[in-house]
Protein chains: 2
Amino acid sequence: MSIFGREIAEQPAVAARLLDDRGPVVEAARAIQRARPVGFLIAARGSSDHAAIYARYLFEIRNRIPVALAAPSAFGLYRRPPKVGSWTVIGISQSGASADVCEVLEEAGRQGALTIAITNRPESRLGRAARLVLDLRAGRERSVPASKTYTASLLLLALLSAHLDPDPELDDALPRVPEALARALEVNGRRGNAVEALKAHRLAVLGRGYHLATAAEVALKITETSYSVAEARSTADFLHGPVAAIEPGFPVLLLEASGPTLRHLQNLRRRLQVAGATVVRITDRPRGDRLTLTVRSELPESLTPLPFAVAGQLLALELAAAHGLDPDRPRRLRKVTITR
Amino acid sequence: MSIFGREIAEQPAVAARLLDDRGPVVEAARAIQRARPVGFLIAARGSSDHAAIYARYLFEIRNRIPVALAAPSAFGLYRRPPKVGSWTVIGISQSGASADVCEVLEEAGRQGALTIAITNRPESRLGRAARLVLDLRAGRERSVPASKTYTASLLLLALLSAHLDPDPELDDALPRVPEALARALEVNGRRGNAVEALKAHRLAVLGRGYHLATAAEVALKITETSYSVAEARSTADFLHGPVAAIEPGFPVLLLEASGPTLRHLQNLRRRLQVAGATVVRITDRPRGDRLTLTVRSELPESLTPLPFAVAGQLLALELAAAHGLDPDRPRRLRKVTITR
């Protein structure tokens with residue numbers, strides 16, 4: 001089995017470990033409450049940046065805190081950082097080595113902002129730059145495409161959101177995340193059809209709200225492992241232009257999650273099908289056609305990006321196999337990418 | 001000639017008109033200075049959202065004001081808006097009819113935020129929702145792909161930035177924008193080669209810093225008019241994964257603008273060329289190969305997204321012709337898209 005496949009399978013255990021010791025999250029939540037920030041600024045690249053997209057919806061919708069995603073070049077290349085002294089600034093990086101993400105936290109710290117690192121390497125430059133560190137505790141991630149560090153980042157963010165503004169539904173659901181991830185690993189029945197339908201040089205991956213993050217992450221997994229151009233979009237933005245690219249047989253992966261966005265996702269699906277697109281969906285709803293992958297998450301919407309990501313990782317894994325490619329070693333990529 | 005082509009050609013005149021009466025911009029800058037916002041929240045969709053990306057770099061780098069791009073669904077679909085009473089909230093919409101953008105401004109107004117609409121229709125719902133309105137004064141835009149309203153939005157944002165924090169270089173350069181746009185219209189010499197190279201079902205459009213906005217906008221123009229899947233990326237994010245999709249002959253349009261990002265763009269170009277990609281560039285530097293489109297902008301970096309956008313629009317226009325498609329009427333799109 002590939003390393004990517006093994007690391008995908010570790011996710012229930014990684015989640016259980018994070019749920020087991022919430023001390024650092026509780027401390028971070030208290031520090032944020034004391035700081036009373038005007039907003040959260042989040043700096044990240046690659047998969048971690050997709051965790052940041054999730055954080056944007058999570059903290060805005062659940063905690064009513066405005067979230068800005070940092071433009072790292074303003075801090076690094078341009079050396080004209082915005083004034084963020086009254087913000088809480090969060091850096092997310094598996095390796096903690098991404099120079100531009102570190103520069104954002106270092107500058108924010110100089111300005112007096114509360115800084116928090118979410119990383120799998122607490123001893124890294126990012127970990128050292130931050131006032132507080134949330135350790136992903138995912139164990140070493142060796143395959144180039146991230147998997148367990150992505151869902152671990154989402155879970156830490158969800159725990160932080162829950163401790164900032166507790167609510168019974170989310171509190172009850174969090175301990176069920178490991179079993180939901182385990183069930184997502186078993187999604188297989190119809191995966192063969194989905195893989196066949198998505199085995200293309202170009203495709204679109206669409207989601208809305210919380211699942212904009214899932215769309216970006218699954219598209220990246222597919223690009224990394226199959227070299228397809230997989231374009232991730234909000235379903236709303238898709239209707240503002242890119243829908244023009246749809247032609248008969250064009251493959252679309254739609255993240256049709258339950259919640260306030262569902263009606264819009266269903267309407268879009270029907271429009272895409274009328275235009276002749278081949279629509280594969282990942283859904284947590286019971287019924288579907290032969291191109292539907294059902295994730296029985298039994299989680300509130302805000303946590304469904306975790307099992308949906310697992311289903312998307314498995315799709316990417318099988319797409320790589322269908323293309324005859326090694327998912328662990330995408331061409332031209334290394335595990336740690338240092339950009340500035 | 002297509003309507004899209006005619007509207008592209010109107011851009012120097014539209015810019016001159018905006019520069020001629022700065023009254024509303026001066027008033028908006030004063031209102032912002034009085035409000036002393038903790039940040040700017042910008043709500044937009046489609047091309048206007050690309051203007052918002054430009055605004056993010058502009059206001060962060062020039063004015064040191066943190067900028068968040070709104071997640072409209074938090075306001076509309078989820079009905080859980082973040083707390084933005086101490087922010088300045090800007091909505092950008094050509095038609096002023098985009099329901100989700102209007103909802104952001106309406107809610108922000110209820111919370112007491114200073115709200116500003118940038119629109120070509122001051123009498124629209126967006127115009128009525130905002131405390132201050134900046135009229136794009138671009139004349140009716142009839143072709144589905146936006147052109148003159150995009151560069152007019154950029155220019156209004158640049159004027160606002162300049163009036164918030166005047167500096168002699170930018171102040172001197174602003175009146176030269178119309179002639180820079182006129183020169184960009186004349187870029188043609190080598191466009192035939194570039195069109196041939198980019199006539200593909202999939203391509204990447206890459207920029208960094210201010211030109212992340214240009215990348216997103218030019219990719220959308222190409223998708224709308226040629227139905228290609230054109231993926232826009234920051235060059236930094238591209239190296240974190242999507243670079244794996246590059247194979248010999250893969251077309252890349254690189255926005256190689258002068259400024260602090262140039263060295264990184266040049267390094268990336270060499271890596272892409274080594275991997276066998278066909279790299280077309282738009283640049284404001286004097287020298288280039290047969291796949292280089294040179295824009296003699298003579299503007300500071302923060303204003304180069306205007307003439308670069310014009311060069312990209314012309315490319316999209318000619319790509320449509322090369323594909324035998326009508327740029328004015330992309331399939332499945334209407335001029336006004338109302339999403340929620």
# chains A, B, ... in the order shown; residues from 1 in each chain; ligands from 1

$ calpha_fit_and_write --fixed "chain B" --moving "chain A" --output "mmCIF file with C-alpha atoms, in the first residue's frame"
data_model
loop_
_atom_site.group_PDB
_atom_site.id
_atom_site.type_symbol
_atom_site.label_atom_id
_atom_site.label_comp_id
_atom_site.auth_asym_id
_atom_site.auth_seq_id
_atom_site.Cartn_x
_atom_site.Cartn_y
_atom_site.Cartn_z
ATOM 1 C CA MET A 1 -16.409 44.238 -34.133
ATOM 2 C CA SER A 2 -17.761 42.482 -31.045
ATOM 3 C CA ILE A 3 -19.314 44.488 -28.230
ATOM 4 C CA PHE A 4 -16.607 43.050 -25.942
ATOM 5 C CA GLY A 5 -13.960 44.461 -28.305
ATOM 6 C CA ARG A 6 -15.604 47.879 -28.394
ATOM 7 C CA GLU A 7 -15.932 48.018 -24.622
ATOM 8 C CA ILE A 8 -12.280 47.043 -24.209
ATOM 9 C CA ALA A 9 -11.381 49.986 -26.430
ATOM 10 C CA GLU A 10 -13.425 52.414 -24.308
ATOM 11 C CA GLN A 11 -11.222 51.940 -21.248
ATOM 12 C CA PRO A 12 -8.895 54.935 -21.693
ATOM 13 C CA ALA A 13 -11.930 57.224 -21.915
ATOM 14 C CA VAL A 14 -13.594 55.649 -18.871
ATOM 15 C CA ALA A 15 -10.401 56.097 -16.868
ATOM 16 C CA ALA A 16 -10.066 59.724 -17.933
ATOM 17 C CA ARG A 17 -13.638 60.378 -16.800
ATOM 18 C CA LEU A 18 -12.992 58.917 -13.349
ATOM 19 C CA LEU A 19 -9.801 60.936 -12.936
ATOM 20 C CA ASP A 20 -11.640 64.088 -13.895
ATOM 21 C CA ASP A 21 -14.022 64.213 -10.935
ATOM 22 C CA ARG A 22 -12.520 62.927 -7.730
ATOM 23 C CA GLY A 23 -15.111 64.517 -5.439
ATOM 24 C CA PRO A 24 -16.837 61.278 -4.346
ATOM 25 C CA VAL A 25 -13.494 59.540 -3.731
ATOM 26 C CA VAL A 26 -12.238 62.426 -1.616
ATOM 27 C CA GLU A 27 -15.445 62.291 0.395
ATOM 28 C CA ALA A 28 -15.114 58.520 0.883
ATOM 29 C CA ALA A 29 -11.486 58.854 1.984
ATOM 30 C CA ARG A 30 -12.480 61.484 4.564
ATOM 31 C CA ALA A 31 -15.299 59.315 5.870
ATOM 32 C CA ILE A 32 -12.890 56.391 6.254
ATOM 33 C CA GLN A 33 -10.379 58.553 8.086
ATOM 34 C CA ARG A 34 -13.095 59.689 10.473
ATOM 35 C CA ALA A 35 -14.302 56.102 11.010
ATOM 36 C CA ARG A 36 -10.780 54.762 11.728
ATOM 37 C CA PRO A 37 -11.801 51.200 10.819
ATOM 38 C CA VAL A 38 -9.982 48.168 12.219
ATOM 39 C CA GLY A 39 -10.059 46.696 8.726
ATOM 40 C CA PHE A 40 -11.809 46.656 5.370
ATOM 41 C CA LEU A 41 -14.299 43.927 4.553
ATOM 42 C CA ILE A 42 -14.956 43.638 0.812
ATOM 43 C CA ALA A 43 -17.891 41.744 -0.708
ATOM 44 C CA ALA A 44 -17.986 40.948 -4.426
ATOM 45 C CA ARG A 45 -18.528 38.169 -6.980
ATOM 46 C CA GLY A 46 -17.002 37.320 -10.330
ATOM 47 C CA SER A 47 -14.829 40.016 -11.919
ATOM 48 C CA SER A 48 -15.649 42.388 -9.079
ATOM 49 C CA ASP A 49 -14.203 39.831 -6.687
ATOM 50 C CA HIS A 50 -10.970 40.056 -8.646
ATOM 51 C CA ALA A 51 -11.038 43.824 -8.119
ATOM 52 C CA ALA A 52 -11.413 42.935 -4.416
ATOM 53 C CA ILE A 53 -8.227 40.836 -4.596
ATOM 54 C CA TYR A 54 -6.439 43.880 -6.014
ATOM 55 C CA ALA A 55 -7.891 45.966 -3.179
ATOM 56 C CA ARG A 56 -6.534 43.515 -0.638
ATOM 57 C CA TYR A 57 -2.933 44.045 -1.789
ATOM 58 C CA LEU A 58 -3.416 47.754 -2.391
ATOM 59 C CA PHE A 59 -4.879 48.655 0.995
ATOM 60 C CA GLU A 60 -2.648 46.284 2.965
ATOM 61 C CA ILE A 61 0.616 47.280 1.264
ATOM 62 C CA ARG A 62 -0.047 50.977 0.648
ATOM 63 C CA ASN A 63 -2.376 51.834 3.540
ATOM 64 C CA ARG A 64 -1.430 49.141 6.089
ATOM 65 C CA ILE A 65 -5.133 48.378 6.591
ATOM 66 C CA PRO A 66 -5.959 44.659 6.970
ATOM 67 C CA VAL A 67 -8.434 43.507 4.331
ATOM 68 C CA ALA A 68 -10.815 40.560 4.567
ATOM 69 C CA LEU A 69 -12.781 39.275 1.599
ATOM 70 C CA ALA A 70 -16.316 38.575 2.764
ATOM 71 C CA ALA A 71 -17.813 35.105 2.720
ATOM 72 C CA PRO A 72 -21.268 36.295 1.597
ATOM 73 C CA SER A 73 -22.916 33.019 2.581
ATOM 74 C CA ALA A 74 -22.180 33.763 6.259
ATOM 75 C CA PHE A 75 -24.475 36.789 5.918
ATOM 76 C CA GLY A 76 -27.090 35.342 3.568
ATOM 77 C CA LEU A 77 -27.460 31.561 3.611
ATOM 78 C CA TYR A 78 -26.238 30.975 7.159
ATOM 79 C CA ARG A 79 -27.628 34.208 8.607
ATOM 80 C CA ARG A 80 -24.699 34.329 11.035
ATOM 81 C CA PRO A 81 -22.806 37.455 9.999
ATOM 82 C CA PRO A 82 -19.525 38.325 11.717
ATOM 83 C CA LYS A 83 -19.354 41.437 13.864
ATOM 84 C CA VAL A 84 -18.153 44.206 11.591
ATOM 85 C CA GLY A 85 -19.476 47.354 13.268
ATOM 86 C CA SER A 86 -15.956 48.791 13.607
ATOM 87 C CA TRP A 87 -15.016 47.923 10.008
ATOM 88 C CA THR A 88 -15.421 49.740 6.716
ATOM 89 C CA VAL A 89 -17.388 47.456 4.420
ATOM 90 C CA ILE A 90 -17.088 47.853 0.644
ATOM 91 C CA GLY A 91 -19.372 46.145 -1.874
ATOM 92 C CA ILE A 92 -18.292 45.949 -5.518
ATOM 93 C CA SER A 93 -20.832 45.010 -8.194
ATOM 94 C CA GLN A 94 -21.179 46.314 -11.747
ATOM 95 C CA SER A 95 -24.947 45.841 -11.716
ATOM 96 C CA GLY A 96 -25.450 46.477 -8.016
ATOM 97 C CA ALA A 97 -27.955 43.626 -8.174
ATOM 98 C CA SER A 98 -25.964 40.713 -6.722
ATOM 99 C CA ALA A 99 -28.205 39.700 -3.822
ATOM 100 C CA ASP A 100 -25.481 38.236 -1.632
ATOM 101 C CA VAL A 101 -23.237 41.293 -1.981
ATOM 102 C CA CYS A 102 -26.189 43.552 -1.110
ATOM 103 C CA GLU A 103 -26.970 41.464 1.976
ATOM 104 C CA VAL A 104 -23.433 41.986 3.284
ATOM 105 C CA LEU A 105 -23.742 45.774 2.982
ATOM 106 C CA GLU A 106 -27.242 45.885 4.403
ATOM 107 C CA GLU A 107 -26.218 43.891 7.473
ATOM 108 C CA ALA A 108 -22.996 45.881 7.920
ATOM 109 C CA GLY A 109 -25.034 49.089 7.812
ATOM 110 C CA ARG A 110 -27.362 47.729 10.520
ATOM 111 C CA GLN A 111 -24.285 47.008 12.639
ATOM 112 C CA GLY A 112 -23.142 50.612 12.253
ATOM 113 C CA ALA A 113 -20.236 50.031 9.859
ATOM 114 C CA LEU A 114 -19.311 52.638 7.285
ATOM 115 C CA THR A 115 -20.517 51.121 3.994
ATOM 116 C CA ILE A 116 -19.335 52.032 0.501
ATOM 117 C CA ALA A 117 -20.713 50.745 -2.817
ATOM 118 C CA ILE A 118 -18.588 50.654 -5.960
ATOM 119 C CA THR A 119 -21.030 50.132 -8.825
ATOM 120 C CA ASN A 120 -21.941 51.145 -12.349
ATOM 121 C CA ARG A 121 -25.571 51.560 -11.197
ATOM 122 C CA PRO A 122 -25.736 54.000 -8.282
ATOM 123 C CA GLU A 123 -29.541 53.635 -8.192
ATOM 124 C CA SER A 124 -29.295 49.849 -7.669
ATOM 125 C CA ARG A 125 -30.066 47.900 -4.500
ATOM 126 C CA LEU A 126 -26.347 47.979 -3.651
ATOM 127 C CA GLY A 127 -26.178 51.715 -4.200
ATOM 128 C CA ARG A 128 -29.219 52.224 -1.977
ATOM 129 C CA ALA A 129 -27.771 49.953 0.736
ATOM 130 C CA ALA A 130 -24.508 51.890 1.087
ATOM 131 C CA ARG A 131 -23.863 55.096 2.969
ATOM 132 C CA LEU A 132 -21.507 56.272 0.193
ATOM 133 C CA VAL A 133 -21.534 55.351 -3.484
ATOM 134 C CA LEU A 134 -18.615 55.463 -5.896
ATOM 135 C CA ASP A 135 -20.064 55.437 -9.408
ATOM 136 C CA LEU A 136 -17.928 53.611 -11.982
ATOM 137 C CA ARG A 137 -19.341 55.935 -14.664
ATOM 138 C CA ALA A 138 -18.308 53.398 -17.289
ATOM 139 C CA GLY A 139 -21.459 53.706 -19.389
ATOM 140 C CA ARG A 140 -23.628 50.676 -19.926
ATOM 141 C CA GLU A 141 -21.606 47.472 -20.208
ATOM 142 C CA ARG A 142 -23.405 45.137 -22.601
ATOM 143 C CA SER A 143 -21.043 42.253 -23.280
ATOM 144 C CA VAL A 144 -21.254 39.443 -20.738
ATOM 145 C CA PRO A 145 -17.514 39.385 -19.983
ATOM 146 C CA ALA A 146 -16.746 42.536 -17.979
ATOM 147 C CA SER A 147 -13.923 44.758 -19.188
ATOM 148 C CA LYS A 148 -14.327 48.486 -18.627
ATOM 149 C CA THR A 149 -16.133 48.075 -15.308
ATOM 150 C CA TYR A 150 -13.227 45.928 -14.077
ATOM 151 C CA THR A 151 -10.505 48.482 -14.786
ATOM 152 C CA ALA A 152 -12.807 51.285 -13.597
ATOM 153 C CA SER A 153 -13.185 49.438 -10.268
ATOM 154 C CA LEU A 154 -9.398 49.124 -9.975
ATOM 155 C CA LEU A 155 -8.939 52.814 -10.721
ATOM 156 C CA LEU A 156 -11.508 53.902 -8.128
ATOM 157 C CA LEU A 157 -9.805 51.690 -5.557
ATOM 158 C CA ALA A 158 -6.393 53.144 -6.469
ATOM 159 C CA LEU A 159 -7.768 56.684 -6.174
ATOM 160 C CA LEU A 160 -9.221 55.858 -2.772
ATOM 161 C CA SER A 161 -5.899 54.390 -1.616
ATOM 162 C CA ALA A 162 -4.040 57.454 -2.920
ATOM 163 C CA HIS A 163 -6.345 59.877 -1.118
ATOM 164 C CA LEU A 164 -6.047 57.911 2.129
ATOM 165 C CA ASP A 165 -2.229 57.998 2.019
ATOM 166 C CA PRO A 166 -0.923 60.351 -0.642
ATOM 167 C CA ASP A 167 2.514 59.781 -2.123
ATOM 168 C CA PRO A 168 4.092 61.743 -4.959
ATOM 169 C CA GLU A 169 4.936 58.765 -7.201
ATOM 170 C CA LEU A 170 1.374 57.452 -7.233
ATOM 171 C CA ASP A 171 -0.153 60.939 -7.474
ATOM 172 C CA ASP A 172 2.005 61.695 -10.502
ATOM 173 C CA ALA A 173 1.222 58.361 -12.120
ATOM 174 C CA LEU A 174 -2.576 58.342 -11.792
ATOM 175 C CA PRO A 175 -3.202 60.893 -14.557
ATOM 176 C CA ARG A 176 -1.064 58.761 -16.882
ATOM 177 C CA VAL A 177 -3.368 55.737 -16.544
ATOM 178 C CA PRO A 178 -5.532 56.574 -19.597
ATOM 179 C CA GLU A 179 -2.499 56.768 -21.897
ATOM 180 C CA ALA A 180 -1.075 53.561 -20.392
ATOM 181 C CA LEU A 181 -4.379 51.816 -21.173
ATOM 182 C CA ALA A 182 -4.299 53.245 -24.703
ATOM 183 C CA ARG A 183 -0.775 51.877 -25.200
ATOM 184 C CA ALA A 184 -1.887 48.482 -23.862
ATOM 185 C CA LEU A 185 -4.588 48.441 -26.554
ATOM 186 C CA GLU A 186 -1.840 48.631 -29.154
ATOM 187 C CA VAL A 187 -0.002 45.537 -27.934
ATOM 188 C CA ASN A 188 -0.287 43.390 -30.968
ATOM 189 C CA GLY A 189 3.033 42.631 -32.677
ATOM 190 C CA ARG A 190 3.433 39.144 -31.242
ATOM 191 C CA ARG A 191 -0.067 38.374 -30.086
ATOM 192 C CA GLY A 192 -0.578 35.772 -32.810
ATOM 193 C CA ASN A 193 2.066 33.459 -31.336
ATOM 194 C CA ALA A 194 0.643 33.887 -27.853
ATOM 195 C CA VAL A 195 -2.874 33.095 -29.029
ATOM 196 C CA GLU A 196 -1.653 29.990 -30.827
ATOM 197 C CA ALA A 197 0.199 28.833 -27.702
ATOM 198 C CA LEU A 198 -2.765 29.393 -25.377
ATOM 199 C CA LYS A 199 -5.400 27.831 -27.626
ATOM 200 C CA ALA A 200 -5.882 24.795 -25.390
ATOM 201 C CA HIS A 201 -8.541 23.114 -23.317
ATOM 202 C CA ARG A 202 -6.668 23.807 -20.115
ATOM 203 C CA LEU A 203 -4.073 26.292 -19.036
ATOM 204 C CA ALA A 204 -2.730 28.058 -15.958
ATOM 205 C CA VAL A 205 -2.588 31.814 -15.425
ATOM 206 C CA LEU A 206 -0.088 32.826 -12.769
ATOM 207 C CA GLY A 207 0.704 36.032 -10.945
ATOM 208 C CA ARG A 208 1.860 37.236 -7.549
ATOM 209 C CA GLY A 209 1.056 40.151 -5.262
ATOM 210 C CA TYR A 210 -1.004 42.775 -7.071
ATOM 211 C CA HIS A 211 -1.175 40.543 -10.128
ATOM 212 C CA LEU A 212 -2.958 37.726 -8.376
ATOM 213 C CA ALA A 213 -6.000 39.827 -9.275
ATOM 214 C CA THR A 214 -4.907 40.033 -12.910
ATOM 215 C CA ALA A 215 -4.390 36.266 -13.024
ATOM 216 C CA ALA A 216 -7.899 35.604 -11.700
ATOM 217 C CA GLU A 217 -9.470 38.122 -14.056
ATOM 218 C CA VAL A 218 -7.622 37.048 -17.208
ATOM 219 C CA ALA A 219 -8.308 33.369 -16.448
ATOM 220 C CA LEU A 220 -12.007 34.182 -16.114
ATOM 221 C CA LYS A 221 -12.004 36.140 -19.389
ATOM 222 C CA ILE A 222 -10.396 33.189 -21.179
ATOM 223 C CA THR A 223 -12.840 30.705 -19.632
ATOM 224 C CA GLU A 224 -15.837 32.894 -20.477
ATOM 225 C CA THR A 225 -14.838 33.507 -24.079
ATOM 226 C CA SER A 226 -13.032 30.283 -25.021
ATOM 227 C CA TYR A 227 -14.520 27.695 -22.634
ATOM 228 C CA SER A 228 -11.001 26.597 -21.644
ATOM 229 C CA VAL A 229 -10.374 25.600 -18.053
ATOM 230 C CA ALA A 230 -7.988 28.380 -17.121
ATOM 231 C CA GLU A 231 -6.786 28.018 -13.560
ATOM 232 C CA ALA A 232 -5.562 31.161 -11.808
ATOM 233 C CA ARG A 233 -3.015 30.829 -9.052
ATOM 234 C CA SER A 234 -0.521 32.695 -6.996
ATOM 235 C CA THR A 235 2.905 31.558 -8.145
ATOM 236 C CA ALA A 236 3.651 30.683 -4.510
ATOM 237 C CA ASP A 237 0.568 28.473 -4.150
ATOM 238 C CA PHE A 238 1.297 26.940 -7.543
ATOM 239 C CA LEU A 239 4.576 25.575 -6.197
ATOM 240 C CA HIS A 240 2.696 23.987 -3.276
ATOM 241 C CA GLY A 241 0.993 21.426 -5.507
ATOM 242 C CA PRO A 242 -0.517 22.403 -8.852
ATOM 243 C CA VAL A 243 2.945 22.523 -10.471
ATOM 244 C CA ALA A 244 2.597 18.726 -10.634
ATOM 245 C CA ALA A 245 0.100 19.127 -13.510
ATOM 246 C CA ILE A 246 2.760 20.656 -15.787
ATOM 247 C CA GLU A 247 3.800 18.432 -18.651
ATOM 248 C CA PRO A 248 5.588 19.171 -21.927
ATOM 249 C CA GLY A 249 3.613 21.709 -23.935
ATOM 250 C CA PHE A 250 1.331 22.691 -21.039
ATOM 251 C CA PRO A 251 0.387 26.347 -21.637
ATOM 252 C CA VAL A 252 1.040 28.861 -18.874
ATOM 253 C CA LEU A 253 0.294 32.569 -19.019
ATOM 254 C CA LEU A 254 2.650 34.326 -16.600
ATOM 255 C CA LEU A 255 2.114 37.902 -15.454
ATOM 256 C CA GLU A 256 5.709 38.973 -15.119
ATOM 257 C CA ALA A 257 5.373 42.481 -13.724
ATOM 258 C CA SER A 258 8.207 44.589 -12.372
ATOM 259 C CA GLY A 259 8.373 44.962 -8.613
ATOM 260 C CA PRO A 260 9.413 43.000 -5.529
ATOM 261 C CA THR A 261 7.879 39.811 -6.934
ATOM 262 C CA LEU A 262 9.847 39.876 -10.214
ATOM 263 C CA ARG A 263 12.729 37.671 -9.099
ATOM 264 C CA HIS A 264 10.284 34.968 -7.967
ATOM 265 C CA LEU A 265 8.339 35.159 -11.206
ATOM 266 C CA GLN A 266 11.525 34.795 -13.235
ATOM 267 C CA ASN A 267 12.661 31.818 -11.155
ATOM 268 C CA LEU A 268 9.292 30.156 -11.618
ATOM 269 C CA ARG A 269 9.404 30.796 -15.367
ATOM 270 C CA ARG A 270 12.724 29.015 -15.635
ATOM 271 C CA ARG A 271 11.383 26.053 -13.634
ATOM 272 C CA LEU A 272 8.323 25.870 -15.861
ATOM 273 C CA GLN A 273 10.423 26.025 -19.003
ATOM 274 C CA VAL A 274 12.703 23.245 -17.723
ATOM 275 C CA ALA A 275 9.565 21.153 -17.158
ATOM 276 C CA GLY A 276 8.643 21.759 -20.809
ATOM 277 C CA ALA A 277 5.743 24.175 -20.267
ATOM 278 C CA THR A 278 4.926 26.675 -23.000
ATOM 279 C CA VAL A 279 5.206 29.980 -21.149
ATOM 280 C CA VAL A 280 3.503 33.055 -22.577
ATOM 281 C CA ARG A 281 4.174 36.183 -20.584
ATOM 282 C CA ILE A 282 2.740 39.609 -20.242
ATOM 283 C CA THR A 283 5.462 41.902 -18.984
ATOM 284 C CA ASP A 284 6.323 45.564 -18.630
ATOM 285 C CA ARG A 285 10.011 44.796 -19.123
ATOM 286 C CA PRO A 286 11.622 45.657 -22.425
ATOM 287 C CA ARG A 287 12.950 42.313 -23.588
ATOM 288 C CA GLY A 288 11.292 39.022 -24.293
ATOM 289 C CA ASP A 289 11.042 36.110 -26.662
ATOM 290 C CA ARG A 290 8.431 35.385 -29.322
ATOM 291 C CA LEU A 291 5.871 34.456 -26.651
ATOM 292 C CA THR A 292 6.200 37.746 -24.761
ATOM 293 C CA LEU A 293 3.602 40.498 -24.842
ATOM 294 C CA THR A 294 5.165 43.761 -23.716
ATOM 295 C CA VAL A 295 2.997 46.385 -22.045
ATOM 296 C CA ARG A 296 4.869 49.701 -21.870
ATOM 297 C CA SER A 297 2.993 50.856 -18.812
ATOM 298 C CA GLU A 298 5.426 53.406 -17.342
ATOM 299 C CA LEU A 299 3.374 53.133 -14.152
ATOM 300 C CA PRO A 300 4.349 52.152 -10.600
ATOM 301 C CA GLU A 301 3.680 48.502 -9.813
ATOM 302 C CA SER A 302 0.446 49.201 -7.921
ATOM 303 C CA LEU A 303 -1.159 50.534 -11.113
ATOM 304 C CA THR A 304 0.176 47.947 -13.580
ATOM 305 C CA PRO A 305 -2.835 45.629 -13.046
ATOM 306 C CA LEU A 306 -4.846 48.083 -15.170
ATOM 307 C CA PRO A 307 -2.860 47.874 -18.432
ATOM 308 C CA PHE A 308 -2.071 44.194 -17.810
ATOM 309 C CA ALA A 309 -5.802 43.488 -17.588
ATOM 310 C CA VAL A 310 -6.298 45.198 -20.946
ATOM 311 C CA ALA A 311 -3.597 43.034 -22.525
ATOM 312 C CA GLY A 312 -5.297 39.957 -21.049
ATOM 313 C CA GLN A 313 -8.721 41.034 -22.324
ATOM 314 C CA LEU A 314 -7.288 41.395 -25.837
ATOM 315 C CA LEU A 315 -5.771 37.919 -25.563
ATOM 316 C CA ALA A 316 -9.151 36.512 -24.511
ATOM 317 C CA LEU A 317 -10.821 38.346 -27.399
ATOM 318 C CA GLU A 318 -8.424 36.885 -29.946
ATOM 319 C CA LEU A 319 -8.581 33.435 -28.368
ATOM 320 C CA ALA A 320 -12.362 33.517 -28.812
ATOM 321 C CA ALA A 321 -11.861 34.416 -32.482
ATOM 322 C CA ALA A 322 -9.312 31.612 -32.871
ATOM 323 C CA HIS A 323 -11.868 29.193 -31.405
ATOM 324 C CA GLY A 324 -14.602 30.640 -33.663
ATOM 325 C CA LEU A 325 -16.686 31.749 -30.667
ATOM 326 C CA ASP A 326 -18.747 34.896 -30.016
ATOM 327 C CA PRO A 327 -17.202 36.610 -26.983
ATOM 328 C CA ASP A 328 -20.336 38.656 -26.293
ATOM 329 C CA ARG A 329 -22.564 35.714 -25.535
ATOM 330 C CA PRO A 330 -20.828 32.958 -23.588
ATOM 331 C CA ARG A 331 -23.072 29.958 -23.276
ATOM 332 C CA ARG A 332 -25.010 29.629 -20.027
ATOM 333 C CA LEU A 333 -24.121 33.130 -18.805
ATOM 334 C CA ARG A 334 -26.180 36.283 -18.548
ATOM 335 C CA LYS A 335 -24.877 39.758 -17.861
ATOM 336 C CA VAL A 336 -26.321 39.903 -14.372
ATOM 337 C CA THR A 337 -25.861 36.837 -12.198
ATOM 338 C CA ILE A 338 -27.851 36.896 -9.000
ATOM 339 C CA THR A 339 -26.556 34.392 -6.473
ATOM 340 C CA ARG A 340 -27.259 34.011 -2.824
#

$ select_by_dssp --residues "stretch 2-220 of chain A" --states "strand (DSSP E)" --output "ChimeraX atom specification"
/A:40-44,67-69,88-93,114-119,132-135,202-207
